[in-house]
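Engineer: Below is the file run.cif, with mmCIF, C-alpha atoms.
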data_upload
#
loop_
_atom_site.label_atom_id
_atom_site.label_comp_id
_atom_site.auth_asym_id
_atom_site.auth_seq_id
_atom_site.Cartn_x
_atom_site.Cartn_y
_atom_site.Cartn_z
CA MET A 395 -119.39 5.89 -21.65
CA LYS A 396 -118.18 8.58 -24.03
CA GLU A 397 -118.30 11.15 -21.25
CA ILE A 398 -116.23 8.91 -18.96
CA SER A 399 -113.68 8.29 -21.73
CA SER A 400 -113.37 12.03 -22.37
CA ILE A 401 -112.76 12.71 -18.66
CA LEU A 402 -110.12 9.97 -18.47
CA LEU A 403 -108.36 11.38 -21.56
CA ILE A 404 -108.29 14.88 -20.05
CA LEU A 405 -106.86 13.56 -16.78
CA LEU A 406 -104.19 11.59 -18.70
CA LEU A 407 -103.15 14.66 -20.66
CA ALA A 408 -103.00 16.77 -17.46
CA THR A 409 -100.85 14.10 -15.79
CA MET A 410 -98.47 14.00 -18.76
CA LEU A 411 -98.14 17.80 -18.81
CA THR A 412 -97.42 17.88 -15.08
CA ALA A 413 -94.75 15.16 -15.43
CA SER A 414 -93.16 17.03 -18.36
CA GLY A 415 -92.89 20.26 -16.34
CA CYS A 416 -91.17 18.50 -13.44
CA ALA A 417 -88.56 16.85 -15.74
CA GLN A 418 -87.11 20.20 -17.05
CA PRO A 419 -83.44 20.89 -15.90
CA PRO A 420 -82.89 23.74 -13.46
CA ALA A 421 -81.89 27.04 -15.01
CA GLN A 422 -78.08 27.75 -14.96
CA THR A 423 -76.96 30.77 -13.02
CA HIS A 424 -74.11 33.02 -14.21
CA PRO A 425 -71.98 35.18 -11.88
CA SER A 426 -72.96 38.79 -12.00
CA SER A 427 -70.55 41.60 -12.73
CA ASP A 428 -70.64 42.46 -9.03
CA SER A 429 -69.38 38.96 -8.16
CA ALA A 430 -66.60 39.21 -10.77
CA GLY A 431 -65.54 42.61 -9.42
CA SER A 432 -65.52 41.27 -5.90
CA SER A 433 -63.34 38.32 -6.98
CA THR A 434 -60.85 40.66 -8.71
CA ALA A 435 -60.71 42.91 -5.67
CA ASP A 436 -60.09 39.89 -3.44
CA SER A 437 -57.24 38.75 -5.75
CA ALA A 438 -55.65 42.23 -5.74
CA GLY A 439 -55.93 42.42 -1.97
CA SER A 440 -54.27 39.02 -1.67
CA SER A 441 -51.34 40.17 -3.88
CA THR A 442 -50.90 43.32 -1.81
CA ALA A 443 -50.94 41.31 1.39
CA THR A 444 -48.31 38.93 -0.06
CA ALA A 445 -46.03 41.85 -1.05
CA THR A 446 -46.41 43.40 2.40
CA ALA A 447 -45.61 40.09 4.05
CA THR A 448 -42.48 39.69 1.85
CA ALA A 449 -41.23 43.19 2.79
CA SER A 450 -41.88 42.48 6.45
CA THR A 451 -39.96 39.21 6.16
CA SER A 452 -36.94 41.03 4.59
CA GLU A 453 -36.94 43.61 7.38
CA SER A 454 -37.20 40.85 9.94
CA VAL A 455 -34.20 39.04 8.41
CA ALA A 456 -32.11 42.24 8.51
CA SER A 457 -33.16 42.92 12.12
CA THR A 458 -32.35 39.34 13.10
CA ALA A 459 -28.88 39.65 11.53
CA GLU A 460 -28.18 42.87 13.44
CA VAL A 461 -29.35 41.40 16.75
CA SER A 462 -27.34 38.22 16.16
CA SER A 463 -24.22 40.24 15.38
CA ALA A 464 -24.67 42.39 18.50
CA GLN A 465 -25.00 39.27 20.68
CA GLY A 466 -21.86 37.71 19.23
CA GLY A 467 -23.70 35.15 17.12
CA SER A 468 -23.05 34.17 13.54
CA VAL A 469 -24.41 36.37 10.75
CA ASP A 470 -25.24 35.33 7.20
CA LEU A 471 -23.10 37.79 5.26
CA SER A 472 -25.06 37.13 2.06
CA LYS A 473 -27.99 39.03 3.61
CA LEU A 474 -25.91 42.07 4.51
CA THR A 475 -24.77 44.86 2.18
CA PRO A 476 -21.02 45.52 2.67
CA GLU A 477 -19.85 49.09 2.81
CA PRO A 478 -17.62 50.11 -0.06
CA PHE A 479 -14.13 49.92 0.72
CA THR A 480 -12.07 53.02 0.36
CA PRO A 481 -8.26 52.45 0.29
CA THR A 482 -6.07 54.84 2.38
CA PRO A 483 -2.65 56.15 1.28
CA SER A 484 0.47 54.59 2.75
CA ASP A 485 1.98 56.19 5.84
CA SER A 486 5.50 55.71 4.47
CA THR A 487 7.39 58.95 3.93
CA SER A 488 9.79 57.42 1.40
CA GLY A 489 9.49 59.38 -1.83
CA VAL A 490 7.16 61.95 -0.18
CA ALA A 491 8.06 65.47 0.83
CA ASN A 492 8.42 65.85 4.58
CA PRO A 493 5.65 68.00 6.19
CA PRO A 494 6.74 71.60 6.87
CA GLY A 495 7.98 72.29 10.40
CA THR A 496 9.40 68.78 10.94
CA MET A 497 12.84 67.30 10.28
CA LYS A 498 13.09 64.01 8.44
CA THR A 499 15.54 61.36 9.62
CA VAL A 500 17.48 59.54 6.92
CA SER A 501 18.81 56.13 7.99
CA LEU A 502 20.16 52.84 6.63
CA ASP A 503 16.57 51.87 5.82
CA ASP A 504 16.59 54.47 3.01
CA GLN A 505 19.42 52.70 1.18
CA GLY A 506 18.78 52.71 -2.59
CA GLY A 507 15.64 54.83 -2.23
CA MET A 508 14.55 58.28 -3.40
CA ILE A 509 13.49 61.02 -1.01
CA ASN A 510 11.59 64.17 -2.02
CA LEU A 511 12.37 67.36 -0.12
CA LEU A 512 11.21 70.94 -0.33
CA LEU A 513 13.62 73.81 -0.92
CA GLY A 514 14.91 75.03 2.45
CA GLU A 515 14.02 71.76 4.22
CA SER A 516 16.53 70.02 6.52
CA PHE A 517 17.08 66.38 7.47
CA LEU A 518 19.09 64.45 10.04
CA LEU A 519 21.47 61.81 8.67
CA ASN A 520 21.57 58.99 11.23
CA LEU A 521 23.35 55.90 9.95
CA GLY A 522 24.27 54.55 13.39
CA GLU A 523 27.59 54.06 15.18
CA ARG A 524 28.51 50.55 14.13
CA TYR A 525 30.61 51.95 11.28
CA THR A 526 33.02 54.81 10.70
CA TRP A 527 31.33 56.79 7.95
CA ASP A 528 32.75 58.78 5.05
CA ILE A 529 29.99 60.96 3.53
CA SER A 530 30.07 62.53 0.07
CA ILE A 531 27.35 64.34 -1.89
CA SER A 532 27.17 64.93 -5.63
CA SER A 533 24.41 67.06 -7.11
CA GLN A 534 23.09 68.66 -10.26
CA PRO A 535 23.48 71.61 -10.11
CA ASP A 536 26.26 71.93 -7.56
CA GLY A 537 25.43 72.87 -3.99
CA VAL A 538 21.91 71.41 -3.85
CA ILE A 539 22.48 69.96 -0.36
CA SER A 540 24.96 71.11 2.26
CA ARG A 541 25.81 70.04 5.80
CA VAL A 542 24.88 72.51 8.53
CA LYS A 543 28.00 73.48 10.49
CA ASN A 544 28.43 74.11 14.21
CA ILE A 545 25.44 72.02 15.25
CA THR A 546 25.39 69.22 17.81
CA VAL A 547 23.58 66.02 16.85
CA ILE A 548 22.57 62.88 18.74
CA ARG A 549 24.98 59.98 19.16
CA GLY A 550 25.26 57.84 16.05
CA ALA A 551 24.14 60.65 13.70
CA GLN A 552 26.38 62.10 11.01
CA GLY A 553 24.96 65.62 10.93
CA VAL A 554 22.08 67.81 9.81
CA TYR A 555 21.82 68.69 6.11
CA GLU A 556 19.77 71.40 4.43
CA THR A 557 18.57 71.94 0.88
CA LEU A 558 19.85 75.10 -0.81
CA LYS A 559 18.79 74.70 -4.44
CA ALA A 560 16.22 72.86 -6.49
CA GLY A 561 17.67 69.83 -8.24
CA THR A 562 18.85 66.27 -7.65
CA ALA A 563 21.54 65.07 -5.23
CA ILE A 564 23.05 61.67 -4.50
CA LEU A 565 24.41 60.97 -1.03
CA THR A 566 27.04 58.24 -0.87
CA ALA A 567 28.14 56.85 2.50
CA SER A 568 31.01 54.37 2.90
CA GLY A 569 31.23 52.65 6.26
CA ASP A 570 34.13 50.74 7.81
CA PRO A 571 33.31 48.49 10.79
CA LEU A 572 34.60 49.79 14.12
CA CYS A 573 36.31 46.47 14.73
CA ARG A 574 38.70 47.33 11.90
CA GLN A 575 40.37 49.73 14.34
CA SER A 576 41.02 47.01 16.91
CA ASN A 577 44.30 45.06 17.20
CA PRO A 578 44.23 42.72 15.46
CA PRO A 579 41.57 44.16 13.11
CA CYS A 580 38.49 42.11 12.28
CA GLY A 581 37.71 40.79 8.84
CA GLN A 582 34.19 42.28 8.63
CA PRO A 583 33.65 43.92 5.22
CA SER A 584 32.92 47.59 4.62
CA ILE A 585 29.56 48.73 3.27
CA GLN A 586 28.43 51.50 0.94
CA ILE A 587 24.98 53.01 0.54
CA GLN A 588 23.49 55.53 -1.86
CA ILE A 589 20.40 57.66 -1.37
CA THR A 590 18.92 59.98 -4.03
CA PHE A 591 17.28 63.29 -3.10
CA THR A 592 14.96 65.36 -5.27
CA ILE A 593 14.50 68.96 -4.18
CA ARG A 594 11.59 71.04 -5.47
#
Since I need it in another form, could you write the structure as structure tokens?
Structural biologist:
Amino acid sequence: MKEISSILLILLLATMLTASGCAQPPAQTHPSSDSAGSSTADSAGSSTATATATASTSESVASTAEVSSAQGGSVDLSKLTPEPFTPTPSDSTSGVANPPGTMKTVSLDDQGGMINLLLGESFLLNLGERYTWDISISSQPDGVISRVKNITVIRGAQGVYETLKAGTAILTASGDPLCRQSNPPCGQPSIQIQITFTIR
């Protein structure tokens, strides 16, 4: 009996040890440095791919805008970069010296204005033929501008004038309507204009 009891006790202990070994939790695994490096590389590659896709999208938007504009479609101006605007000087010659080799025409449109001329430059005074004109010129010093004699001008013009000295001159023109010479005369008023010249 003692031998049988000893055998049963040994079997019981062996069974208990076997059951204890099976009940242990599985060992936890930790990612290796190679796995971590691979994950970082994948993340960096994803960021690069995202940046490339964003750049491609921007180029696509610009290309789409150009194609749409060429085909007459609407374009989102917020996606386009406007060219800087550079203002151009006025084409008006009022107050600007006339280019050499050309003759400036002074007309009723220059009333009250200032005209810059170069020494030796000439201009045509053309106030029209609706009035009978009386022309006078005052200058500082004297003789800044003088009328050119023995020259034929177009109809309605009052003559060609040339600059002889540097200085300032004021041309005053008083005009009486032609109908004042009719019988009976008209009641249209006379006019007077003044134009200032600066000669350099």
Engineer: Using all atoms listed in the file, which residues sit within 7 Å of segment 536-538 of chain A once same-chain residues fewer than 2 positions away are excluded, as a PDB file with C-alpha atoms, keeping the file's coordinate frame?
Structural biologist:
ATOM      1  CA  SER A 533      24.410  67.060  -7.110  1.00  0.00           C
ATOM      2  CA  GLN A 534      23.090  68.660 -10.260  1.00  0.00           C
ATOM      3  CA  SER A 540      24.960  71.110   2.260  1.00  0.00           C
ATOM      4  CA  THR A 557      18.570  71.940   0.880  1.00  0.00           C
ATOM      5  CA  LEU A 558      19.850  75.100  -0.810  1.00  0.00           C
ATOM      6  CA  LYS A 559      18.790  74.700  -4.440  1.00  0.00           C
ATOM      7  CA  ALA A 560      16.220  72.860  -6.490  1.00  0.00           C
ATOM      8  CA  GLY A 561      17.670  69.830  -8.240  1.00  0.00           C
ATOM      9  CA  ALA A 563      21.540  65.070  -5.230  1.00  0.00           C
TER      10      ALA A 563
END
Engineer: Evaluated on this file, the PyMOL selection byres ((chain A and resi 519) around 12) picks out some residues - which ones are they, written as a ChimeraX atom specification?
Structural biologist: /A:497-505,516-518,520-523,527,529,540-542,547-556,565-567,589
Engineer: Record the distance separating atom CA of Leu572 of chain A and atom CA of Ile539 of chain A, expressed in Å with one decimal.
Structural biologist: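 Going from atom CA of Leu572 of chain A over to atom CA of Ile539 of chain A, I get 27.6 Å.
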Engineer: Between atom CA of Ile564 of chain A and atom CA of Gly507 of chain A, measure the distance and give it in Å to one decimal.
Structural biologist: 10.3 Å
Engineer: Looking at only C-alpha atoms, which of A:Ile587, A:Ile593, A:Ile545, A:Leu402 is the one that sits closest to Gly506 of chain A?
Structural biologist: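 Result for the nearest residue to Gly506 of chain A: A:Ile587.
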Engineer: Which of these, A:Lys543, A:Thr496, A:Gly514, A:Tyr525, has the shortest distance to Pro583 of chain A once you count only C-alpha atoms?
Structural biologist: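 Using only C-alpha atoms, the shortest distance to Pro583 of chain A belongs to A:Tyr525.
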